[in-house]
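Have a look at upload38.pdb below; it lists PDB, C-alpha atoms and all ligand atoms.
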```
ATOM      1  CA  MET E 627     -21.129  24.953 -54.134
ATOM      2  CA  ALA E 628     -17.914  26.981 -54.106
ATOM      3  CA  MET E 629     -16.344  25.347 -57.146
ATOM      4  CA  ASN E 630     -15.138  28.507 -58.903
ATOM      5  CA  ARG E 631     -11.612  28.112 -57.606
ATOM      6  CA  ILE E 632     -11.420  24.897 -59.603
ATOM      7  CA  GLN E 633     -13.333  26.001 -62.674
ATOM      8  CA  PHE E 634     -11.504  29.268 -63.166
ATOM      9  CA  GLN E 635      -7.960  28.125 -62.495
ATOM     10  CA  ARG E 636      -5.466  28.625 -65.272
ATOM     11  CA  GLY E 637      -4.716  25.495 -67.253
ATOM     12  CA  LEU E 638      -2.025  24.953 -69.844
ATOM     13  CA  SER E 639      -3.040  26.652 -73.096
ATOM     14  CA  MET E 640      -2.626  24.869 -76.396
ATOM     15  CA  PRO E 641       0.017  27.354 -77.668
ATOM     16  CA  GLU E 642       1.951  26.840 -74.422
ATOM     17  CA  PHE E 643       1.693  23.073 -74.826
ATOM     18  CA  PHE E 644       2.978  23.106 -78.404
ATOM     19  CA  GLN E 645       5.765  25.464 -77.415
ATOM     20  CA  GLN E 646       6.946  22.968 -74.802
ATOM     21  CA  PHE E 647       6.095  19.624 -76.437
ATOM     22  CA  GLY E 648       5.647  20.325 -80.132
ATOM     23  CA  THR E 649       8.630  18.354 -81.405
ATOM     24  CA  GLU E 650       9.809  14.765 -80.956
ATOM     25  CA  ALA E 651      13.090  16.014 -79.446
ATOM     26  CA  GLN E 652      11.211  18.041 -76.816
ATOM     27  CA  CYS E 653       9.060  15.041 -75.897
ATOM     28  CA  GLU E 654      12.099  12.759 -75.678
ATOM     29  CA  ALA E 655      13.873  15.244 -73.419
ATOM     30  CA  ALA E 656      10.779  15.525 -71.193
ATOM     31  CA  LEU E 657      10.383  11.752 -70.961
ATOM     32  CA  GLU E 658      14.072  11.295 -70.198
ATOM     33  CA  ALA E 659      13.911  13.892 -67.407
ATOM     34  CA  THR E 660      10.784  12.209 -66.033
ATOM     35  CA  ARG E 661      12.220   8.687 -66.094
ATOM     36  CA  TRP E 662      15.656   9.565 -64.797
ATOM     37  CA  PRO E 663      15.431  12.835 -62.844
ATOM     38  CA  GLU E 664      18.906  12.161 -61.417
ATOM     39  CA  GLY E 665      20.266  11.168 -64.839
ATOM     40  CA  PHE E 666      20.235   7.831 -66.699
ATOM     41  CA  ARG E 667      20.761   4.627 -64.716
ATOM     42  CA  CYS E 668      21.358   1.317 -66.457
ATOM     43  CA  PRO E 669      18.426  -0.993 -65.613
ATOM     44  CA  HIS E 670      20.831  -3.956 -65.834
ATOM     45  CA  CYS E 671      23.798  -2.919 -63.650
ATOM     46  CA  GLY E 672      22.825   0.477 -62.247
ATOM     47  CA  GLY E 673      25.723   2.249 -63.958
ATOM     48  CA  ALA E 674      25.375   5.924 -64.842
ATOM     49  CA  ALA E 675      28.033   6.243 -67.586
ATOM     50  CA  HIS E 676      26.415   5.770 -70.994
ATOM     51  CA  CYS E 677      26.260   6.918 -74.556
ATOM     52  CA  VAL E 678      23.211   7.599 -76.720
ATOM     53  CA  VAL E 679      22.915   5.839 -80.082
ATOM     54  CA  GLN E 680      20.181   6.171 -82.681
ATOM     55  CA  SER E 681      18.367   3.086 -83.931
ATOM     56  CA  ARG E 682      15.398   3.170 -86.300
ATOM     57  CA  GLY E 683      14.610   6.719 -85.323
ATOM     58  CA  ARG E 684      14.640   5.974 -81.598
ATOM     59  CA  GLN E 685      17.256   6.849 -79.022
ATOM     60  CA  LEU E 686      19.017   3.927 -77.344
ATOM     61  CA  TYR E 687      20.975   4.359 -74.124
ATOM     62  CA  GLN E 688      24.026   2.111 -74.084
ATOM     63  CA  CYS E 689      25.664   1.448 -70.728
ATOM     64  CA  ASN E 690      29.441   1.959 -70.807
ATOM     65  CA  ALA E 691      29.986  -0.718 -68.163
ATOM     66  CA  CYS E 692      27.889  -3.663 -69.365
ATOM     67  CA  ARG E 693      26.950  -2.502 -72.894
ATOM     68  CA  HIS E 694      23.256  -3.105 -72.117
ATOM     69  CA  GLN E 695      21.017  -1.098 -74.445
ATOM     70  CA  SER E 696      17.709   0.301 -73.258
ATOM     71  CA  SER E 697      15.318   2.534 -75.073
ATOM     72  CA  LEU E 698      13.651   5.598 -73.678
ATOM     73  CA  ILE E 699      10.230   3.968 -73.890
ATOM     74  CA  ALA E 700      11.097   0.437 -72.682
ATOM     75  CA  GLY E 701       9.457  -0.276 -69.338
ATOM     76  CA  THR E 702       6.944   2.562 -69.699
ATOM     77  CA  VAL E 703       3.370   2.707 -70.922
ATOM     78  CA  PHE E 704       4.800   3.722 -74.326
ATOM     79  CA  GLN E 705       6.784   0.497 -74.763
ATOM     80  CA  GLY E 706       6.451  -1.007 -78.235
ATOM     81  CA  THR E 707       4.593   1.961 -79.691
ATOM     82  CA  LYS E 708       5.071   2.871 -83.332
ATOM     83  CA  LEU E 709       3.548   6.275 -82.761
ATOM     84  CA  ALA E 710       5.588   9.420 -82.337
ATOM     85  CA  LEU E 711       5.880  10.606 -78.759
ATOM     86  CA  THR E 712       4.320  13.889 -79.889
ATOM     87  CA  VAL E 713       1.060  11.954 -80.462
ATOM     88  CA  TRP E 714       1.209  10.399 -76.999
ATOM     89  CA  PHE E 715       2.028  13.734 -75.385
ATOM     90  CA  LEU E 716      -0.875  15.394 -77.169
ATOM     91  CA  ALA E 717      -3.145  12.604 -75.874
ATOM     92  CA  ILE E 718      -1.824  13.183 -72.354
ATOM     93  CA  TYR E 719      -2.449  16.902 -72.714
ATOM     94  CA  LEU E 720      -5.985  16.503 -74.095
ATOM     95  CA  ILE E 721      -6.970  13.934 -71.464
ATOM     96  CA  SER E 722      -5.502  15.904 -68.584
ATOM     97  CA  GLN E 723      -7.079  19.222 -69.588
ATOM     98  CA  ALA E 724     -10.560  17.884 -70.433
ATOM     99  CA  LYS E 725     -12.774  18.701 -67.471
ATOM    100  CA  THR E 726     -15.129  15.781 -67.818
ATOM    101  CA  GLY E 727     -12.892  13.222 -69.494
ATOM    102  CA  LEU E 728     -12.373  12.512 -73.151
ATOM    103  CA  SER E 729     -13.734   9.634 -75.226
ATOM    104  CA  ALA E 730     -11.644   7.447 -77.524
ATOM    105  CA  LEU E 731     -13.714   8.826 -80.392
ATOM    106  CA  ALA E 732     -12.774  12.407 -79.556
ATOM    107  CA  LEU E 733      -9.146  11.324 -79.221
ATOM    108  CA  LYS E 734      -9.283   9.610 -82.629
ATOM    109  CA  ARG E 735     -10.454  12.853 -84.227
ATOM    110  CA  GLN E 736      -7.991  15.090 -82.463
ATOM    111  CA  LEU E 737      -4.923  12.870 -82.789
ATOM    112  CA  GLY E 738      -5.606  11.800 -86.371
ATOM    113  CA  VAL E 739      -5.217   8.087 -85.569
ATOM    114  CA  SER E 740      -7.531   5.111 -86.089
ATOM    115  CA  TYR E 741     -10.232   4.354 -83.541
ATOM    116  CA  PRO E 742      -8.532   1.151 -82.246
ATOM    117  CA  THR E 743      -5.294   3.110 -81.754
ATOM    118  CA  ALA E 744      -7.109   5.923 -79.939
ATOM    119  CA  TRP E 745      -8.953   3.363 -77.774
ATOM    120  CA  LEU E 746      -5.676   1.713 -76.802
ATOM    121  CA  ILE E 747      -3.946   5.025 -76.001
ATOM    122  CA  HIS E 748      -6.934   6.024 -73.904
ATOM    123  CA  HIS E 749      -7.040   2.778 -71.943
ATOM    124  CA  LYS E 750      -3.293   2.635 -71.400
ATOM    125  CA  LEU E 751      -3.327   6.152 -69.965
ATOM    126  CA  MET E 752      -6.377   5.360 -67.825
ATOM    127  CA  GLN E 753      -4.506   2.287 -66.576
ATOM    128  CA  ALA E 754      -1.615   4.551 -65.592
ATOM    129  CA  MET E 755      -4.089   6.702 -63.633
ATOM    130  CA  LEU E 756      -5.539   3.598 -61.965
ATOM    131  CA  ASP E 757      -2.058   2.517 -60.918
ATOM    132  CA  ARG E 758      -1.444   5.928 -59.343
ATOM    133  CA  GLU E 759      -4.757   5.869 -57.480
ATOM    134  CA  GLN E 760      -4.032   2.426 -56.052
ATOM    135  CA  HIS E 761      -1.111   3.887 -54.114
ATOM    136  CA  TYR E 762      -3.454   5.807 -51.852
ATOM    137  CA  VAL E 763      -5.799   4.864 -49.049
ATOM    138  CA  LEU E 764      -8.374   7.232 -47.608
ATOM    139  CA  GLU E 765      -8.132   8.300 -43.981
ATOM    140  CA  GLY E 766      -9.916  10.424 -41.382
ATOM    141  CA  GLN E 767     -13.600  11.232 -41.865
ATOM    142  CA  ILE E 768     -14.897   9.377 -44.907
ATOM    143  CA  GLN E 769     -18.322   9.618 -46.519
ATOM    144  CA  VAL E 770     -19.321   6.444 -48.339
ATOM    145  CA  ASP E 771     -22.213   5.495 -50.567
ATOM    146  CA  ASP E 772     -23.295   2.524 -52.637
ATOM    147  CA  ALA E 773     -23.652   3.267 -56.333
ATOM    148  CA  TYR E 774     -23.914   1.537 -59.705
ATOM    149  CA  LEU E 775     -22.538   1.935 -63.182
ATOM    150  CA  GLY E 776     -24.547   0.850 -66.167
ATOM    151  CA  GLY E 777     -28.110   1.208 -67.356
ATOM    152  CA  GLU E 778     -29.873   4.470 -67.890
ATOM    153  CA  ARG E 779     -28.696   6.112 -64.736
ATOM    154  CA  SER E 780     -24.998   5.440 -64.971
ATOM    155  CA  GLY E 781     -22.993   7.099 -62.301
ATOM    156  CA  GLY E 782     -25.890   7.562 -59.967
ATOM    157  CA  LYS E 783     -27.977   5.368 -57.806
ATOM    158  CA  ALA E 784     -29.930   2.877 -59.825
ATOM    159  CA  GLY E 785     -31.631   1.090 -56.975
ATOM    160  CA  ARG E 786     -30.072  -1.459 -54.741
ATOM    161  CA  GLY E 787     -30.084  -4.948 -56.167
ATOM    162  CA  SER E 788     -30.681  -3.853 -59.768
ATOM    163  CA  GLU E 789     -29.483  -6.319 -62.349
ATOM    164  CA  ASN E 790     -26.964  -5.683 -65.133
ATOM    165  CA  LYS E 791     -25.192  -3.029 -63.145
ATOM    166  CA  VAL E 792     -21.660  -2.801 -61.853
ATOM    167  CA  PRO E 793     -21.806  -2.029 -58.130
ATOM    168  CA  PHE E 794     -19.137   0.287 -56.770
ATOM    169  CA  VAL E 795     -18.365   2.019 -53.524
ATOM    170  CA  ALA E 796     -18.039   5.784 -53.708
ATOM    171  CA  ALA E 797     -15.903   7.123 -50.877
ATOM    172  CA  LEU E 798     -14.746  10.656 -50.106
ATOM    173  CA  SER E 799     -12.406  11.757 -47.341
ATOM    174  CA  MET E 800     -13.203  15.063 -45.649
ATOM    175  CA  SER E 801     -11.064  17.638 -43.859
ATOM    176  CA  ASP E 802     -11.822  18.656 -40.259
ATOM    177  CA  GLU E 803     -13.427  21.794 -41.707
ATOM    178  CA  GLY E 804     -15.797  19.692 -43.813
ATOM    179  CA  HIS E 805     -14.073  20.203 -47.171
ATOM    180  CA  PRO E 806     -13.691  17.282 -49.589
ATOM    181  CA  LEU E 807     -10.184  15.883 -49.958
ATOM    182  CA  ARG E 808      -9.763  12.659 -51.953
ATOM    183  CA  THR E 809     -12.202  10.267 -53.566
ATOM    184  CA  LYS E 810     -12.004   6.566 -54.338
ATOM    185  CA  LEU E 811     -14.505   4.831 -56.595
ATOM    186  CA  THR E 812     -14.073   1.098 -56.408
ATOM    187  CA  PRO E 813     -16.047  -1.684 -58.103
ATOM    188  CA  VAL E 814     -17.050  -4.387 -55.628
ATOM    189  CA  ALA E 815     -18.506  -7.867 -56.037
ATOM    190  CA  GLY E 816     -21.676  -6.638 -54.322
ATOM    191  CA  PHE E 817     -22.842  -4.898 -51.191
ATOM    192  CA  SER E 818     -22.249  -7.836 -48.885
ATOM    193  CA  LEU E 819     -20.485  -7.764 -45.529
ATOM    194  CA  LYS E 820     -17.606  -9.787 -46.982
ATOM    195  CA  ALA E 821     -17.147  -7.545 -50.030
ATOM    196  CA  ILE E 822     -17.225  -4.370 -47.929
ATOM    197  CA  ALA E 823     -14.755  -5.789 -45.398
ATOM    198  CA  GLN E 824     -12.344  -6.561 -48.266
ATOM    199  CA  TRP E 825     -12.916  -3.163 -49.808
ATOM    200  CA  ALA E 826     -12.269  -1.368 -46.495
ATOM    201  CA  SER E 827      -9.033  -3.210 -45.746
ATOM    202  CA  ALA E 828      -7.672  -2.387 -49.224
ATOM    203  CA  ASN E 829      -8.831   1.230 -49.446
ATOM    204  CA  LEU E 830      -9.163   2.751 -45.962
ATOM    205  CA  ALA E 831      -6.613   3.482 -43.253
ATOM    206  CA  PRO E 832      -7.440   1.762 -39.953
ATOM    207  CA  SER E 833      -9.200   3.979 -37.395
ATOM    208  CA  SER E 834     -10.879   6.050 -40.118
ATOM    209  CA  THR E 835     -14.478   7.034 -39.414
ATOM    210  CA  VAL E 836     -16.942   5.868 -42.065
ATOM    211  CA  LEU E 837     -20.099   7.936 -42.439
ATOM    212  CA  CYS E 838     -22.881   6.295 -44.413
ATOM    213  CA  ASP E 839     -26.633   6.314 -44.843
ATOM    214  CA  GLY E 840     -27.171   3.171 -42.820
ATOM    215  CA  LEU E 841     -26.851   0.438 -45.457
ATOM    216  CA  ALA E 842     -26.128  -2.595 -43.255
ATOM    217  CA  CYS E 843     -23.148  -3.966 -45.198
ATOM    218  CA  PHE E 844     -21.029  -0.917 -44.366
ATOM    219  CA  SER E 845     -20.856  -2.074 -40.731
ATOM    220  CA  ALA E 846     -18.197  -4.489 -42.042
ATOM    221  CA  VAL E 847     -15.688  -1.614 -42.187
ATOM    222  CA  ALA E 848     -15.164  -2.390 -38.485
ATOM    223  CA  GLU E 849     -13.304  -5.537 -39.595
ATOM    224  CA  ALA E 850     -10.676  -3.260 -41.147
ATOM    225  CA  GLY E 851     -10.344  -1.330 -37.882
ATOM    226  CA  CYS E 852     -12.560   1.574 -38.968
ATOM    227  CA  VAL E 853     -15.328   3.235 -36.958
ATOM    228  CA  TYR E 854     -18.770   2.687 -38.478
ATOM    229  CA  GLN E 855     -21.033   5.728 -38.092
ATOM    230  CA  PRO E 856     -24.403   5.304 -39.818
ATOM    231  CA  THR E 857     -26.958   8.056 -40.264
ATOM    232  CA  ILE E 858     -30.420   6.549 -40.157
ATOM    233  CA  VAL E 859     -32.386   8.137 -42.948
ATOM    234  CA  ALA E 860     -35.914   7.314 -41.743
ATOM    235  CA  GLY E 861     -37.972   8.086 -44.811
ATOM    236  CA  ARG E 862     -35.651  10.675 -46.275
ATOM    237  CA  LYS E 863     -33.508   9.987 -49.292
ATOM    238  CA  PRO E 864     -29.795   9.962 -48.465
ATOM    239  CA  LYS E 865     -29.192  12.551 -51.174
ATOM    240  CA  ASP E 866     -31.331  15.004 -49.235
ATOM    241  CA  LEU E 867     -29.173  14.803 -46.138
ATOM    242  CA  PRO E 868     -26.673  17.652 -45.717
ATOM    243  CA  GLU E 869     -24.139  15.195 -44.300
ATOM    244  CA  PHE E 870     -23.843  13.596 -47.731
ATOM    245  CA  GLU E 871     -23.717  16.769 -49.795
ATOM    246  CA  TRP E 872     -20.178  16.221 -51.058
ATOM    247  CA  ILE E 873     -20.373  12.548 -51.905
ATOM    248  CA  ASN E 874     -23.566  13.303 -53.817
ATOM    249  CA  THR E 875     -21.756  16.083 -55.666
ATOM    250  CA  VAL E 876     -19.001  13.639 -56.647
ATOM    251  CA  LEU E 877     -21.554  11.118 -57.894
ATOM    252  CA  GLY E 878     -23.388  13.851 -59.803
ATOM    253  CA  ASN E 879     -20.145  14.968 -61.464
ATOM    254  CA  LEU E 880     -19.331  11.365 -62.323
ATOM    255  CA  LYS E 881     -22.715  10.932 -63.957
ATOM    256  CA  THR E 882     -22.228  14.113 -66.007
ATOM    257  CA  SER E 883     -18.764  12.966 -67.038
ATOM    258  CA  LEU E 884     -19.857   9.493 -68.101
ATOM    259  CA  ASN E 885     -22.945  10.675 -69.927
ATOM    260  CA  GLY E 886     -21.145  13.511 -71.666
ATOM    261  CA  ALA E 887     -17.879  11.911 -72.670
ATOM    262  CA  TYR E 888     -18.369   8.206 -72.907
ATOM    263  CA  HIS E 889     -22.045   7.333 -73.511
ATOM    264  CA  ALA E 890     -21.593   3.573 -73.200
ATOM    265  CA  PHE E 891     -18.752   1.175 -72.594
ATOM    266  CA  ASP E 892     -18.349  -2.341 -71.339
ATOM    267  CA  PHE E 893     -19.036  -1.630 -67.686
ATOM    268  CA  ARG E 894     -18.294  -5.150 -66.514
ATOM    269  CA  LYS E 895     -14.819  -5.148 -68.031
ATOM    270  CA  TYR E 896     -13.648  -1.577 -67.765
ATOM    271  CA  ALA E 897     -15.547   0.110 -64.924
ATOM    272  CA  HIS E 898     -12.484   0.080 -62.659
ATOM    273  CA  ARG E 899     -10.454   2.058 -65.198
ATOM    274  CA  TYR E 900     -13.084   4.724 -65.962
ATOM    275  CA  LEU E 901     -13.817   5.194 -62.261
ATOM    276  CA  ALA E 902     -10.117   5.523 -61.437
ATOM    277  CA  ALA E 903      -9.633   8.044 -64.273
ATOM    278  CA  PHE E 904     -12.462  10.159 -62.837
ATOM    279  CA  ALA E 905     -11.006   9.888 -59.318
ATOM    280  CA  TYR E 906      -7.509  10.715 -60.613
ATOM    281  CA  ARG E 907      -8.748  13.948 -62.132
ATOM    282  CA  PHE E 908     -10.907  14.844 -59.107
ATOM    283  CA  ASN E 909      -8.043  14.251 -56.686
ATOM    284  CA  ARG E 910      -5.833  16.627 -58.641
ATOM    285  CA  ARG E 911      -8.553  19.197 -59.322
ATOM    286  CA  PHE E 912      -6.466  22.095 -57.996
ATOM    287  CA  ASN E 913      -3.493  21.243 -60.228
ATOM    288  CA  LEU E 914      -4.837  21.695 -63.744
ATOM    289  CA  ARG E 915      -1.748  23.525 -64.949
ATOM    290  CA  THR E 916       0.605  20.685 -64.013
ATOM    291  CA  LEU E 917      -1.734  17.741 -64.576
ATOM    292  CA  HIS E 918      -0.101  16.788 -67.900
ATOM    293  CA  LYS E 919       3.267  16.497 -66.150
ATOM    294  CA  ARG E 920       1.779  14.338 -63.428
ATOM    295  CA  LEU E 921       0.143  12.088 -66.006
ATOM    296  CA  LEU E 922       3.453  11.824 -67.849
ATOM    297  CA  ILE E 923       5.088  10.683 -64.589
ATOM    298  CA  ALA E 924       2.307   8.114 -64.161
ATOM    299  CA  ALA E 925       2.774   6.922 -67.758
ATOM    300  CA  ALA E 926       6.555   6.688 -67.384
ATOM    301  CA  ASN E 927       6.234   4.664 -64.196
ATOM    302  CA  CYS E 928       3.324   2.420 -65.134
ATOM    303  CA  GLY E 929       4.712  -0.804 -66.531
ATOM    304  CA  PRO E 930       4.076  -1.726 -70.173
ATOM    305  CA  HIS E 931       0.881  -3.569 -71.025
ATOM    306  CA  SER E 932       0.177  -5.387 -74.257
ATOM    307  CA  GLU E 933      -3.096  -4.774 -76.074
ATOM    308  CA  ARG E 934      -4.242  -8.260 -75.065
ATOM    309  CA  ILE E 935      -3.718  -7.465 -71.386
ATOM    310  CA  ILE E 936      -5.360  -4.033 -71.673
ATOM    311  CA  ARG E 937      -8.433  -5.635 -73.247
ATOM    312  CA  MET E 938      -8.784  -8.000 -70.332
ATOM    313  CA  ALA E 939     -10.601  -6.826 -67.242
ATOM    314  CA  ASP E 940      -8.975  -5.848 -63.937
ATOM    315  CA  VAL E 941      -5.307  -5.522 -64.833
ATOM    316  CA  GLY E 942      -2.883  -4.820 -62.039
ATOM    317  CA  CYS E 943      -0.221  -2.327 -63.078
TER     318      CYS E 943
HETATM  319 ZN    ZN X   1      24.892  -1.571 -67.331
END
```
Can you present the structure in this file as structure tokens?
Ligand SMILES: [Zn+2]
Amino acid sequence: MAMNRIQFQRGLSMPEFFQQFGTEAQCEAALEATRWPEGFRCPHCGGAAHCVVQSRGRQLYQCNACRHQSSLIAGTVFQGTKLALTVWFLAIYLISQAKTGLSALALKRQLGVSYPTAWLIHHKLMQAMLDREQHYVLEGQIQVDDAYLGGERSGGKAGRGSENKVPFVAALSMSDEGHPLRTKLTPVAGFSLKAIAQWASANLAPSSTVLCDGLACFSAVAEAGCVYQPTIVAGRKPKDLPEFEWINTVLGNLKTSLNGAYHAFDFRKYAHRYLAAFAYRFNRRFNLRTLHKRLLIAAANCGPHSERIIRMADVGC
């Protein structure tokens, strides 16, 4: 597997990170530039003329036209936080540079915050990644596979119909040359025709070609205008087929990531967020050096979520 190009790319070193984002003023300037790349715009009237006032250690932007005051963090994933932005930025850096994901426990240790705070930071940032991933559909040649989260073999196949598992569809779009492009890992109600038809219409572009190992439910992708192309496995395990080399690699990497970084979590409630965080990182695997900036953009554009909402399953951003 020619993965060296990914593994040996230059990331952002810790000294470089602290040089750029080591102070609150640097983080504020970076967030301001991310939120308003063309300069501040009043969220109330759209006016550009403003002044900056300080209130309780935070910058407030006061519109000259309508006097509306908005804070730098209002309307972002950071809304309502009592933490310094330097803590959030360090979390963004650590999460974006960790190859196989980072647990809330590791974040707690590295940020010097309590476990509940680290958990919330982690889930809010994963929610921002999920929101980003939901903007994309897969198109062209797409390998798909049925997989499960939960139990001893999390991330891999645990046998169709197993109980106490979260079923999800693993999908991977391929270039004409056979190279992997983007992945989507989506929890589904089950591997029924109805569930797969719904999944396909939400996640695949019409006229895509869906390559799978012949599991009958995937024929329902035709309802979303896709071409169903099964490979009949006839006694061979799908993982042994060269056609499915890349989707199996993705599932193997997912398993390594989940086993190494997370151990166990509430699969039924949070599977969608962990899967999207894995896909987010995979889909930007060639951009390690700028991943923290991309995640900052996602965090600045993902709406605010209260802790109560984050603790509920399946939040839309
Ligand atoms: Zn205004």
Legend entry - Explicit residue set for the PyMOL selection byres (((chain E and resi 764-776) around 6) and not hetatm), as a ChimeraX atom specification: /E:763,777,780-781,783,791-800,830-831,834-838
Would you put the residues from that selection into a file with C-alpha atoms, as a PDB file, in the coordinates of the input?
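Saved file part28.pdb follows:
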```pdb
ATOM      1  CA  VAL E 763      -5.799   4.864 -49.049  1.00  0.00           C
ATOM      2  CA  GLY E 777     -28.110   1.208 -67.356  1.00  0.00           C
ATOM      3  CA  SER E 780     -24.998   5.440 -64.971  1.00  0.00           C
ATOM      4  CA  GLY E 781     -22.993   7.099 -62.301  1.00  0.00           C
ATOM      5  CA  LYS E 783     -27.977   5.368 -57.806  1.00  0.00           C
ATOM      6  CA  LYS E 791     -25.192  -3.029 -63.145  1.00  0.00           C
ATOM      7  CA  VAL E 792     -21.660  -2.801 -61.853  1.00  0.00           C
ATOM      8  CA  PRO E 793     -21.806  -2.029 -58.130  1.00  0.00           C
ATOM      9  CA  PHE E 794     -19.137   0.287 -56.770  1.00  0.00           C
ATOM     10  CA  VAL E 795     -18.365   2.019 -53.524  1.00  0.00           C
ATOM     11  CA  ALA E 796     -18.039   5.784 -53.708  1.00  0.00           C
ATOM     12  CA  ALA E 797     -15.903   7.123 -50.877  1.00  0.00           C
ATOM     13  CA  LEU E 798     -14.746  10.656 -50.106  1.00  0.00           C
ATOM     14  CA  SER E 799     -12.406  11.757 -47.341  1.00  0.00           C
ATOM     15  CA  MET E 800     -13.203  15.063 -45.649  1.00  0.00           C
ATOM     16  CA  LEU E 830      -9.163   2.751 -45.962  1.00  0.00           C
ATOM     17  CA  ALA E 831      -6.613   3.482 -43.253  1.00  0.00           C
ATOM     18  CA  SER E 834     -10.879   6.050 -40.118  1.00  0.00           C
ATOM     19  CA  THR E 835     -14.478   7.034 -39.414  1.00  0.00           C
ATOM     20  CA  VAL E 836     -16.942   5.868 -42.065  1.00  0.00           C
ATOM     21  CA  LEU E 837     -20.099   7.936 -42.439  1.00  0.00           C
ATOM     22  CA  CYS E 838     -22.881   6.295 -44.413  1.00  0.00           C
TER      23      CYS E 838
END
```
Inset, instruction - Could you please extract the residues within 8 Å of ligand ZN 1 (chain X), counting all atoms listed in the file, and hand them back as number ranges by chain? - result: E: 667-674, 688-694
Inset, instruction - Considering all atoms listed in the file, return as number ranges by chain whatever protein or nucleic-acid residues lie within 12 Å of range 909-913 of chain E, sequence-local ones (same chain, fewer than 2 positions apart) excluded. - result: E: 629-638, 722-726, 755, 758-759, 762, 764, 798-799, 806-811, 876, 902-907, 915-921
Around all the atoms of range 742-752 of chain E listed in the file, draw an axis-aligned box and extend it by 5 Å on each of the six sides; I want its centre and edge lengths in Å to one decimal, as lines of an AutoDock Vina configuration file.
```
center_x = -6.1
center_y = 3.7
center_z = -75.0
size_x = 15.7
size_y = 15.0
size_z = 24.4
```
Legend entry - Interatomic distance, CA of Lys820 in chain E to CA of Cys843 in chain E (Å, one decimal):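 Atom-to-atom, CA of Lys820 in chain E to CA of Cys843 in chain E, that is 8.2 Å.
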Inset, instruction - Counting only C-alpha atoms, figure out which residue out of E:Val853, E:Val814, E:His749, E:Glu869 gets nearest to Ser833 in chain E. - result: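 Of E:Val853, E:Val814, E:His749, E:Glu869, the one nearest Ser833 in chain E, counting only C-alpha atoms, is E:Val853.
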Legend entry - Nearest candidate to Leu867 in chain E (options E:Asp839, E:Thr882, E:Arg735, E:Glu849; using all atoms listed in the file): E:Asp839
Legend entry - Nearest to Pro930 in chain E by atom-to-atom distance, counting only C-alpha atoms, from E:Ala744, E:Ala717, E:Leu751, E:Cys677: E:Leu751
Here's a test: counting all atoms listed in the file, identify every protein, DNA and RNA residue with an atom at most 12 Å from (-4.8, 9.3, -84.5) in the file's coordinate frame, and state them as a short mmCIF file (atom, residue, chain, number, x, y, z; two decimals) with C-alpha atoms, in the coordinates of the input.
```cif
data_model
loop_
_atom_site.label_atom_id
_atom_site.label_comp_id
_atom_site.auth_asym_id
_atom_site.auth_seq_id
_atom_site.Cartn_x
_atom_site.Cartn_y
_atom_site.Cartn_z
CA LYS E 708 5.07 2.87 -83.33
CA LEU E 709 3.55 6.28 -82.76
CA ALA E 710 5.59 9.42 -82.34
CA THR E 712 4.32 13.89 -79.89
CA VAL E 713 1.06 11.95 -80.46
CA TRP E 714 1.21 10.40 -77.00
CA LEU E 716 -0.88 15.39 -77.17
CA ALA E 717 -3.14 12.60 -75.87
CA ALA E 730 -11.64 7.45 -77.52
CA LEU E 731 -13.71 8.83 -80.39
CA ALA E 732 -12.77 12.41 -79.56
CA LEU E 733 -9.15 11.32 -79.22
CA LYS E 734 -9.28 9.61 -82.63
CA ARG E 735 -10.45 12.85 -84.23
CA GLN E 736 -7.99 15.09 -82.46
CA LEU E 737 -4.92 12.87 -82.79
CA GLY E 738 -5.61 11.80 -86.37
CA VAL E 739 -5.22 8.09 -85.57
CA SER E 740 -7.53 5.11 -86.09
CA TYR E 741 -10.23 4.35 -83.54
CA PRO E 742 -8.53 1.15 -82.25
CA THR E 743 -5.29 3.11 -81.75
CA ALA E 744 -7.11 5.92 -79.94
CA TRP E 745 -8.95 3.36 -77.77
CA LEU E 746 -5.68 1.71 -76.80
CA ILE E 747 -3.95 5.03 -76.00
CA HIS E 748 -6.93 6.02 -73.90
#
```
Inset, instruction - State, in Å with one decimal place, the distance from CA of Ala754 in chain E to CA of Ala924 in chain E. - result: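 So the two atoms, CA of Ala754 in chain E and CA of Ala924 in chain E, lie 5.5 Å apart.
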Legend entry - Distance in Å - CA of Ala842 in chain E versus CA of Asn829 in chain E: 18.8 Å
Inset, instruction - Kindly resolve the PyMOL selection byres (((chain E and resi 657) around 10) and not hetatm) on the present coordinates and return the residues as a list of chain:residue names. - result: E:Ala651, E:Gln652, E:Cys653, E:Glu654, E:Ala655, E:Ala656, E:Glu658, E:Ala659, E:Thr660, E:Arg661, E:Trp662, E:Pro663, E:Leu698, E:Ile699, E:Thr702, E:Leu711, E:Phe715, E:Lys919, E:Leu922, E:Ile923, E:Ala925, E:Ala926
